[in-house]
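Enquirer: Below is one structure. I have some questions about it.
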Number of protein chains: 2
Amino acid sequence: MNERVVVVGGGFGGLLAARGLGEAPLDVTLVDRQNFFLFQPLAYQVATGALSSVEVAAPLRQVLRRHKRTHVMLGEVSGFDLERRVVVVDDLPNGEARRELPYDLLVAAGGSRYSYFGHDGWARFAPELKTLDGALELRDRILTAFEAAEVETDPAVREAFLTFVVVGAGPTGVEMAGQIAELGREVLKGEHRSADTSQVRVLLVEAGDRVLGAYPPRLSASAERQLRSLGVTPLRSAPVVEIGEGFVEVDHQAGARERIGARTVVWAAGVQASPLARTLAEAAGLDTDRAGRLQVEPDLTVPGHPEVFAIGDMVTVRGLTLPGIAPVAMQQGRHVADSIRAGRRQTFRYRNKGELATIGRRRAVGVVAGVPVSGLLAWVLWLGVHITYLVGFENRVLVLTRWAFSYLLHGRGARVIHGRD
Amino acid sequence: MNERVVVVGGGFGGLLAARGLGEAPLDVTLVDRQNFFLFQPLAYQVATGALSSVEVAAPLRQVLRRHKRTHVMLGEVSGFDLERRVVVVDDLPNGEARRELPYDLLVAAGGSRYSYFGHDGWARFAPELKTLDGALELRDRILTAFEAAEVETDPAVREAFLTFVVVGAGPTGVEMAGQIAELGREVLKGEHRSADTSQVRVLLVEAGDRVLGAYPPRLSASAERQLRSLGVTPLRSAPVVEIGEGFVEVDHQAGARERIGARTVVWAAGVQASPLARTLAEAAGLDTDRAGRLQVEPDLTVPGHPEVFAIGDMVTVRGLTLPGIAPVAMQQGRHVADSIRAGRRQTFRYRNKGELATIGRRRAVGVVAGVPVSGLLAWVLWLGVHITYLVGFENRVLVLTRWAFSYLLHGRGARVIHGRD
């Protein structure tokens with residue numbers, strides 16, 4: 001009988017691991033609660049109507065169809081028994097509440113999510129952007145806010161409908177803020193008759209002292225200039241202290257609080273490891289760090305368990321400082337597959353090819369092969385990289401088509417508000 | 001001040017009326033509860049993962065953006081006061097509960113929906129296909145049923161997961177049944193490992209004595225042959241008498257009842273006019289027929305109200321028998337716009353160019369310019385007509401791309417199951 005490999009999580013890390021093992025003489029099972037791989041770096045474009053949800057999602061079975069020994073199983077992983085070597089899977093699609101899945105080798109890749117810093121009640125007012133359902137919920141809210149502004153007759157209320165607050169000025173927050181500004185100023189301007197959507201206010205609220213804090217300061221400054229030219233107002237050193245119905249309250253240092261009236265708030269701050277990291281750590285008798293991550297060995301195995309790998313956003317690698325971005329998870333997924341196929345553990349080394357964040361049409365910043373880039377060049381690079389890594393040739397063609405229309409005609413075709421029926 | 005025209009409903013009829021009035025010196029307001037035009041003839045392809053929801057939906061504002069005097073308003077029309085000439089709009093996007101919209105001329109185009117013949121409780125077990133939300137709900141159910149079959153170990157339960165019942169053998173039911181069969185037999189066959197999805201059973205249940213009852217009998221027979229070649233089993237003269245959790249019961253004449261075990265049931269039978277027809281009829285002191293339709297004059301005005309037009313699936317035109325299909329609504333929408341611009345009422349004449357129903361890849365039937373067609377030729381005509389009438393050039397390019405991939409690679413890219421997160 002072939003060795004059984006269970007891969008938990010069908011994100012960048014898990015999918016690349018499963019793909020890398022697809023032709024090996026192993027029985028691979030990929031477990032995910034969703035039936036699709038989400039190209040998470042573009043999820044924010046779903047929230048602004050630039051792309052449709054399925055264009056950034058590839059069915060896991062379709063991606064893995066050529067690997068005839070690879071199974072895909074829908075279900076929520078709720079536990080690990082490292083002694084008996086089983087994964088506990090809940091909520092199967094046939095209604096089964098719980099099943100145990102035995103393994104010889106385990107790859108855990110649960111990813112990360114945003115954290116509300118202990119204020120889970122804020123989620124209701126400020127949905128987050130990590131999941132497809134979150135992006136669709138935000139799309140409904142953003143588009144409905146513009147529709148509300150169109151029929152609202154009270155100028156103050158209309159202004160609140162045209163005010164959008166994005167919390168967190170990492171790459172996702174920056175991209176999101178830029179796209180909302182473009183939506184109001186370029187796309188909807190010619191379509192609305194009563195509300196002047198070009199008066200849209202987009203506030204990008206950040207606790208740290210600059211936008212894109214993980215980038216070199218020069219690029220943060222460039223990003224901020226590009227954001228301002230689009231009409232986005234960055235509020236730096238302004239941690240959020242309260243969110244409620246129709247407002248966000250920030251603290252401008254030394255207790256100088258400001259209450260911003262805004263009907264639509266987007267959450268893109270405070271990355272936290274998937275709860276799976278804690279579940280796995282507890283099963284192994286280990287701890288997690290403040291961000292909920294599990295520390296793994298340089299060969300990406302869980303300490304004391306050479307048969308268990310953990311990768312991606314939910315781990316830190318001993319001795320390495322790595323950003324929580326797709327290339328890290330992808331390289332780790334490939335590395336684990338190589339180690340398993342080779343039959344021996346090897347030390348993981350991250351090859352930093354760079355990072356890019358887009359801000360709007362023809363606007364971006366980034367570091368490529370160690371060289372800082374910004375503006376049009378960075379934007380062209382960003383386009384090329386995202387099209388290249390998008391999963392599925394069909395999605396590449398469709399997304400390119402959408403972007404071409406959006407670029408040439410200032411259109412946003414994917415603007416359906418769901419759930420009004 | 002310009003005359004005020006209110007168009008209620010942004011389907012084929014309402015949209016064509018609004019477009020036809022766009023350049024006239026009139027203030028036009030199109031009211032719809034949704035922010036998009038739905039290309040309803042392709043909604044079933046969303047339910048089977050062939051197209052994404054936004055590819056069959058065009059934002060109403062975008063479609064009408066060039067008409068600078070045309071307003072779009074989101075809201076649910078709940079009443080008409082024909083004396084005071086106002087439309088009552090509920091549930092506005094800014095939270096307003098109710099607003100009155102005055103008009104000089106009114107065009108009512110509320111469309112139709114499926115009816116459960118008084119068994120509204122069946123809707124829970126058998127969602128309908130007229131709306132985008134219904135199509136997405138069905139996509140979740142259909143894809144989840146195949147996922148359930150994959151993990152299910154009891155052969156009888158697995159069979160029930162692989163059994164699909166489509167109620168109603170009109171064009172939508174026929175198309176849906178064909179696409180589910182193709183999904184199991186061609187698309188998913190190579191992707192599943194445990195369940196043999198080519199064993200999918202698709203039952204097309206029809207109360208009448210043939211499929212596509214509105215077509216010539218010869219074409220019904222051809223459609224039935226083509227359905228069988230795809231693995232669909234038509235059950236004719238078999239009205240549904242009960243639907244519950246996991247089963248559909250049909251009556252094979254003379255009380256011989258059969259209970260079919262099926263986890264997934266699709267409803268596509270019993271077309272009923274929008275409740276708006278009744279609301280409008282009551283406001284005008286008129287009656288509706290058994291299907292809830294209002295009878296209008298040959299010039300498409302409501303009897304006694306030359307300033308009120310009613311068109312599309314929600315009306316019958318005195319002296320004319322018209323099918324409830326998009327071309328009728330489109331011609332009526334254009335006719336009303338012409339009458340209003342000309343300033344005089346004209347008798348509507350339907351130009352019957354034909355009808356086409358697709359069954360699967362390279363399979364279709366129809367009547368074009370009075371000539372019956374079937375098979376590959378009908379399918380090519382069907383493709384051409386649907387691409388031509390799809391609203392929005394962007395959607396045309398995207399849908400053609402999807403269809404090309406689907407045709408060449410037997411893929412179905414839009415296979416996201418929502419709501420599992």
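Within each chain, counting starts at residue 1; across the structure tokens, chains are named A, B, ... in the order shown, with ligands numbered 1 upward in that order.
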I'd like the neighbourhood of Arg362 (chain B) as JSON, numbers by chain, where a residue qualifies if any of its atoms comes within 8 Å (using only C-alpha atoms), though same-chain residues fewer than 5 positions away should be ignored.
Expert: {"B": [375, 376, 379, 380]}
Enquirer: Mind dumping the selected residues with N, CA and C atoms as a PDB file, in the first residue's frame?
Expert:
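Written output follows (out_6.pdb):
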ATOM      1  N   GLY B 375     -30.565  19.410 -33.545  1.00  0.00           N
ATOM      2  CA  GLY B 375     -29.184  18.943 -33.593  1.00  0.00           C
ATOM      3  C   GLY B 375     -28.177  20.078 -33.670  1.00  0.00           C
ATOM      4  N   LEU B 376     -27.067  19.789 -34.383  1.00  0.00           N
ATOM      5  CA  LEU B 376     -25.939  20.715 -34.434  1.00  0.00           C
ATOM      6  C   LEU B 376     -26.326  22.092 -34.988  1.00  0.00           C
ATOM      7  N   TRP B 379     -28.116  24.073 -32.535  1.00  0.00           N
ATOM      8  CA  TRP B 379     -27.209  24.466 -31.452  1.00  0.00           C
ATOM      9  C   TRP B 379     -26.366  25.681 -31.858  1.00  0.00           C
ATOM     10  N   VAL B 380     -25.886  25.665 -33.089  1.00  0.00           N
ATOM     11  CA  VAL B 380     -25.084  26.792 -33.579  1.00  0.00           C
ATOM     12  C   VAL B 380     -25.940  28.062 -33.626  1.00  0.00           C
TER      13      VAL B 380
END
Enquirer: Could you list the residues in chain B lying within 6 Å of chain A, using only C-alpha atoms, and format the result as a PyMOL selection string?
Expert: chain B and resi 54+61+65+93-94+148+191+414
Enquirer: Go ahead and write the residues just picked, N, CA and C atoms, as an mmCIF file, in the first residue's frame.
Expert:
data_model
loop_
_atom_site.group_PDB
_atom_site.id
_atom_site.type_symbol
_atom_site.label_atom_id
_atom_site.label_comp_id
_atom_site.auth_asym_id
_atom_site.auth_seq_id
_atom_site.Cartn_x
_atom_site.Cartn_y
_atom_site.Cartn_z
ATOM 1 N N VAL B 54 -22.144 37.000 -12.560
ATOM 2 C CA VAL B 54 -22.042 38.337 -13.132
ATOM 3 C C VAL B 54 -21.910 38.318 -14.647
ATOM 4 N N ARG B 61 -27.204 50.590 -14.343
ATOM 5 C CA ARG B 61 -26.618 51.923 -14.550
ATOM 6 C C ARG B 61 -25.626 51.924 -15.699
ATOM 7 N N ARG B 65 -25.857 54.116 -19.079
ATOM 8 C CA ARG B 65 -25.022 55.256 -18.700
ATOM 9 C C ARG B 65 -25.029 56.384 -19.721
ATOM 10 N N PRO B 93 -32.429 51.697 -0.896
ATOM 11 C CA PRO B 93 -31.114 51.276 -0.410
ATOM 12 C C PRO B 93 -30.585 52.118 0.746
ATOM 13 N N ASN B 94 -31.122 53.323 0.959
ATOM 14 C CA ASN B 94 -30.662 54.146 2.084
ATOM 15 C C ASN B 94 -31.425 53.846 3.363
ATOM 16 N N ALA B 148 -20.945 15.216 -1.847
ATOM 17 C CA ALA B 148 -21.485 14.286 -0.861
ATOM 18 C C ALA B 148 -21.351 12.852 -1.365
ATOM 19 N N GLU B 191 -12.654 13.922 -12.366
ATOM 20 C CA GLU B 191 -12.184 14.650 -11.192
ATOM 21 C C GLU B 191 -12.503 13.946 -9.881
ATOM 22 N N ALA B 414 -16.857 27.759 -13.341
ATOM 23 C CA ALA B 414 -17.553 28.584 -12.349
ATOM 24 C C ALA B 414 -18.187 27.700 -11.278
#
Enquirer: So, with only C-alpha atoms as the atoms that count, which of B:Ala329, B:Val28, B:Leu203, B:Met314 lies closest to Phe12 (chain B)?
Expert: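 Closest residue, counting only C-alpha atoms: B:Ala329.
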Enquirer: Go through B:Phe117, B:Phe164, B:Phe39, B:Tyr103 and flag the residue nearest Gly270 (chain B), using only C-alpha atoms for the distances.
Expert: B:Phe117
Enquirer: For Leu300 (chain B), which of B:Gly111, B:Pro155, B:Gly324, B:Gly333 is the closest residue, counting only C-alpha atoms?
Expert: B:Gly333
Enquirer: Mind the document's chain letters and residue numbers, and return as a PDB file with N, CA and C atoms, in the first residue's frame the residues of region 308-343 of chain B that DSSP labels helix (DSSP H, G or I).
Expert:
ATOM      1  N   GLY B 312     -44.764  42.479 -21.306  1.00  0.00           N
ATOM      2  CA  GLY B 312     -43.959  41.322 -20.928  1.00  0.00           C
ATOM      3  C   GLY B 312     -44.780  40.174 -20.363  1.00  0.00           C
ATOM      4  N   ASP B 313     -44.103  39.331 -19.591  1.00  0.00           N
ATOM      5  CA  ASP B 313     -44.716  38.105 -19.068  1.00  0.00           C
ATOM      6  C   ASP B 313     -45.911  38.352 -18.159  1.00  0.00           C
ATOM      7  N   MET B 314     -46.038  39.553 -17.630  1.00  0.00           N
ATOM      8  CA  MET B 314     -47.135  39.769 -16.664  1.00  0.00           C
ATOM      9  C   MET B 314     -48.453  40.149 -17.332  1.00  0.00           C
ATOM     10  N   ALA B 326     -38.382  36.043 -24.024  1.00  0.00           N
ATOM     11  CA  ALA B 326     -37.699  37.336 -24.090  1.00  0.00           C
ATOM     12  C   ALA B 326     -38.045  38.153 -25.340  1.00  0.00           C
ATOM     13  N   PRO B 327     -38.075  37.555 -26.537  1.00  0.00           N
ATOM     14  CA  PRO B 327     -38.338  38.394 -27.720  1.00  0.00           C
ATOM     15  C   PRO B 327     -39.672  39.143 -27.651  1.00  0.00           C
ATOM     16  N   VAL B 328     -40.688  38.527 -27.056  1.00  0.00           N
ATOM     17  CA  VAL B 328     -41.980  39.209 -26.920  1.00  0.00           C
ATOM     18  C   VAL B 328     -41.816  40.448 -26.039  1.00  0.00           C
ATOM     19  N   ALA B 329     -41.202  40.262 -24.877  1.00  0.00           N
ATOM     20  CA  ALA B 329     -41.016  41.387 -23.951  1.00  0.00           C
ATOM     21  C   ALA B 329     -40.167  42.477 -24.591  1.00  0.00           C
ATOM     22  N   MET B 330     -39.127  42.088 -25.333  1.00  0.00           N
ATOM     23  CA  MET B 330     -38.247  43.077 -25.955  1.00  0.00           C
ATOM     24  C   MET B 330     -39.007  43.888 -27.007  1.00  0.00           C
ATOM     25  N   GLN B 331     -39.769  43.179 -27.856  1.00  0.00           N
ATOM     26  CA  GLN B 331     -40.529  43.894 -28.887  1.00  0.00           C
ATOM     27  C   GLN B 331     -41.566  44.811 -28.252  1.00  0.00           C
ATOM     28  N   GLN B 332     -42.174  44.360 -27.160  1.00  0.00           N
ATOM     29  CA  GLN B 332     -43.168  45.204 -26.485  1.00  0.00           C
ATOM     30  C   GLN B 332     -42.503  46.429 -25.855  1.00  0.00           C
ATOM     31  N   GLY B 333     -41.331  46.231 -25.251  1.00  0.00           N
ATOM     32  CA  GLY B 333     -40.605  47.354 -24.666  1.00  0.00           C
ATOM     33  C   GLY B 333     -40.285  48.402 -25.726  1.00  0.00           C
ATOM     34  N   ARG B 334     -39.774  47.934 -26.867  1.00  0.00           N
ATOM     35  CA  ARG B 334     -39.455  48.863 -27.967  1.00  0.00           C
ATOM     36  C   ARG B 334     -40.714  49.547 -28.480  1.00  0.00           C
ATOM     37  N   HIS B 335     -41.813  48.775 -28.584  1.00  0.00           N
ATOM     38  CA  HIS B 335     -43.065  49.318 -29.094  1.00  0.00           C
ATOM     39  C   HIS B 335     -43.586  50.453 -28.198  1.00  0.00           C
ATOM     40  N   VAL B 336     -43.517  50.240 -26.892  1.00  0.00           N
ATOM     41  CA  VAL B 336     -43.987  51.264 -25.959  1.00  0.00           C
ATOM     42  C   VAL B 336     -43.134  52.525 -26.082  1.00  0.00           C
ATOM     43  N   ALA B 337     -41.817  52.329 -26.178  1.00  0.00           N
ATOM     44  CA  ALA B 337     -40.940  53.494 -26.328  1.00  0.00           C
ATOM     45  C   ALA B 337     -41.287  54.253 -27.609  1.00  0.00           C
ATOM     46  N   ASP B 338     -41.515  53.511 -28.685  1.00  0.00           N
ATOM     47  CA  ASP B 338     -41.885  54.156 -29.953  1.00  0.00           C
ATOM     48  C   ASP B 338     -43.194  54.929 -29.813  1.00  0.00           C
ATOM     49  N   SER B 339     -44.190  54.298 -29.166  1.00  0.00           N
ATOM     50  CA  SER B 339     -45.491  54.964 -29.001  1.00  0.00           C
ATOM     51  C   SER B 339     -45.346  56.252 -28.207  1.00  0.00           C
ATOM     52  N   ILE B 340     -44.563  56.186 -27.129  1.00  0.00           N
ATOM     53  CA  ILE B 340     -44.409  57.367 -26.277  1.00  0.00           C
ATOM     54  C   ILE B 340     -43.691  58.477 -27.038  1.00  0.00           C
ATOM     55  N   ARG B 341     -42.615  58.107 -27.740  1.00  0.00           N
ATOM     56  CA  ARG B 341     -41.891  59.135 -28.488  1.00  0.00           C
ATOM     57  C   ARG B 341     -42.760  59.735 -29.589  1.00  0.00           C
ATOM     58  N   ALA B 342     -43.567  58.864 -30.242  1.00  0.00           N
ATOM     59  CA  ALA B 342     -44.431  59.347 -31.328  1.00  0.00           C
ATOM     60  C   ALA B 342     -45.616  60.143 -30.792  1.00  0.00           C
TER      61      ALA B 342
END
Enquirer: Quick one: residues within 12 Å of Gly354 (chain A), only C-alpha atoms counted, chain neighbours fewer than 6 positions away excluded, as a list in words?
Expert: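 Residues near the query, excluding close chain neighbours: Ala214, Tyr215, Pro216, Leu322, Pro323, Ile325, Ala326, Pro327, Val328, Val365, Gly366, Val367, Val368, Ala369, Gly370, Val371, Pro372, Val373, Ala378, Leu381, Trp382 and Val385 of chain A.
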Enquirer: Against region 123-129 of chain B, which residues of region 163-236 of chain B fall within 10 Å? For each one I want the closest pair of atoms and the distance in Å (one decimal), counting only C-alpha atoms, rows by chain and increasing residue number, as a Markdown table.
Expert:
| residue | atom | partner | partner_atom | distance |
| --- | --- | --- | --- | --- |
| B:Val165 | CA | B:Ala126 | CA | 9.1 |
| B:Val166 | CA | B:Ala126 | CA | 8.8 |
| B:Val167 | CA | B:Ala126 | CA | 8.7 |
| B:Thr172 | CA | B:Leu129 | CA | 8.1 |
| B:Gly173 | CA | B:Leu129 | CA | 9.1 |
| B:Met176 | CA | B:Leu129 | CA | 9.3 |
Enquirer: I need the chosen residues saved as an mmCIF file, in the first residue's frame, with N, CA and C atoms.
Expert:
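The resulting file, out34.cif, is reproduced below:
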data_model
loop_
_atom_site.group_PDB
_atom_site.id
_atom_site.type_symbol
_atom_site.label_atom_id
_atom_site.label_comp_id
_atom_site.auth_asym_id
_atom_site.auth_seq_id
_atom_site.Cartn_x
_atom_site.Cartn_y
_atom_site.Cartn_z
ATOM 1 N N VAL B 165 -33.700 15.543 -9.796
ATOM 2 C CA VAL B 165 -35.015 15.643 -10.414
ATOM 3 C C VAL B 165 -35.217 17.089 -10.853
ATOM 4 N N VAL B 166 -35.554 17.276 -12.124
ATOM 5 C CA VAL B 166 -35.898 18.595 -12.632
ATOM 6 C C VAL B 166 -37.395 18.576 -12.907
ATOM 7 N N VAL B 167 -38.133 19.485 -12.290
ATOM 8 C CA VAL B 167 -39.583 19.521 -12.456
ATOM 9 C C VAL B 167 -39.940 20.565 -13.516
ATOM 10 N N THR B 172 -36.335 25.783 -20.059
ATOM 11 C CA THR B 172 -35.386 25.867 -18.943
ATOM 12 C C THR B 172 -35.152 24.500 -18.308
ATOM 13 N N GLY B 173 -36.246 23.727 -18.085
ATOM 14 C CA GLY B 173 -36.105 22.406 -17.493
ATOM 15 C C GLY B 173 -35.283 21.482 -18.370
ATOM 16 N N MET B 176 -31.614 22.597 -18.280
ATOM 17 C CA MET B 176 -31.044 22.278 -16.975
ATOM 18 C C MET B 176 -30.741 20.789 -16.850
#
Enquirer: Distance CA of Val391 (chain A)-CA of Thr316 (chain A), one decimal place?
Expert: 25.8 Å
Enquirer: Name the closest residue to Ala283 (chain A) among the candidates A:Asp104, A:Glu307, A:Asp81, A:Asp251; distances are taken between atoms, counting only C-alpha atoms.
Expert: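 Closest to Ala283 (chain A) of all the choices is A:Asp81.
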Enquirer: So which residues touch Phe80 (chain A) within 9 Å, counting only C-alpha atoms, skipping near sequence neighbours fewer than 4 positions away, as a PyMOL selection string?
Expert: chain A and resi 84-88+279-280+283-284
Enquirer: Would you output that residue set with C-alpha atoms, as a short mmCIF file (atom, residue, chain, number, x, y, z; two decimals), in the first residue's frame?
Expert:
data_model
loop_
_atom_site.label_atom_id
_atom_site.label_comp_id
_atom_site.auth_asym_id
_atom_site.auth_seq_id
_atom_site.Cartn_x
_atom_site.Cartn_y
_atom_site.Cartn_z
CA ARG A 84 -2.75 7.59 16.34
CA ARG A 85 -1.90 9.64 13.27
CA VAL A 86 -5.41 10.71 12.32
CA VAL A 87 -6.94 14.00 11.26
CA VAL A 88 -10.45 14.68 12.55
CA THR A 279 -5.06 22.92 17.40
CA LEU A 280 -1.92 21.39 15.94
CA ALA A 283 -1.77 18.14 19.81
CA ALA A 284 2.04 18.33 19.77
#
Enquirer: Hey, what does DSSP flag as strand (DSSP E or B) within region 63-96 of chain A? Can you give it to me as a ChimeraX atom specification?
Expert: /A:70-74,76-81,86-90
Enquirer: So what do you get for CA of Val232 (chain A) versus CA of Arg201 (chain A), distance-wise?
Expert: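 About the pair CA of Val232 (chain A) and CA of Arg201 (chain A): they are 7.0 Å apart.
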Enquirer: Find the spatial neighbours of Asp27 (chain A), counting only C-alpha atoms, within a cut-off of 9 Å - ignore same-chain residues fewer than 3 positions away - and output them as an mmCIF file with C-alpha atoms, in the first residue's frame.
Expert:
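Saved to around_37.cif:
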data_model
loop_
_atom_site.group_PDB
_atom_site.id
_atom_site.type_symbol
_atom_site.label_atom_id
_atom_site.label_comp_id
_atom_site.auth_asym_id
_atom_site.auth_seq_id
_atom_site.Cartn_x
_atom_site.Cartn_y
_atom_site.Cartn_z
ATOM 1 C CA MET A 1 0.000 0.000 0.000
ATOM 2 C CA ASN A 2 1.168 3.507 -0.782
ATOM 3 C CA GLU A 3 1.997 5.912 2.009
ATOM 4 C CA ARG A 4 -0.967 8.138 2.851
ATOM 5 C CA VAL A 5 -0.369 11.870 2.807
ATOM 6 C CA VAL A 6 -3.053 14.185 4.139
ATOM 7 C CA GLY A 22 0.679 14.346 -7.529
ATOM 8 C CA ALA A 24 4.624 10.340 -6.682
ATOM 9 C CA ARG A 69 -4.123 9.238 -6.943
ATOM 10 C CA THR A 70 -4.990 12.601 -5.387
ATOM 11 C CA HIS A 71 -8.297 12.860 -3.545
#
Enquirer: Go ahead and compute the interatomic distance for CA of Val308 (chain B) and CA of Val7 (chain B), in Å to one decimal.
Expert: 10.1 Å
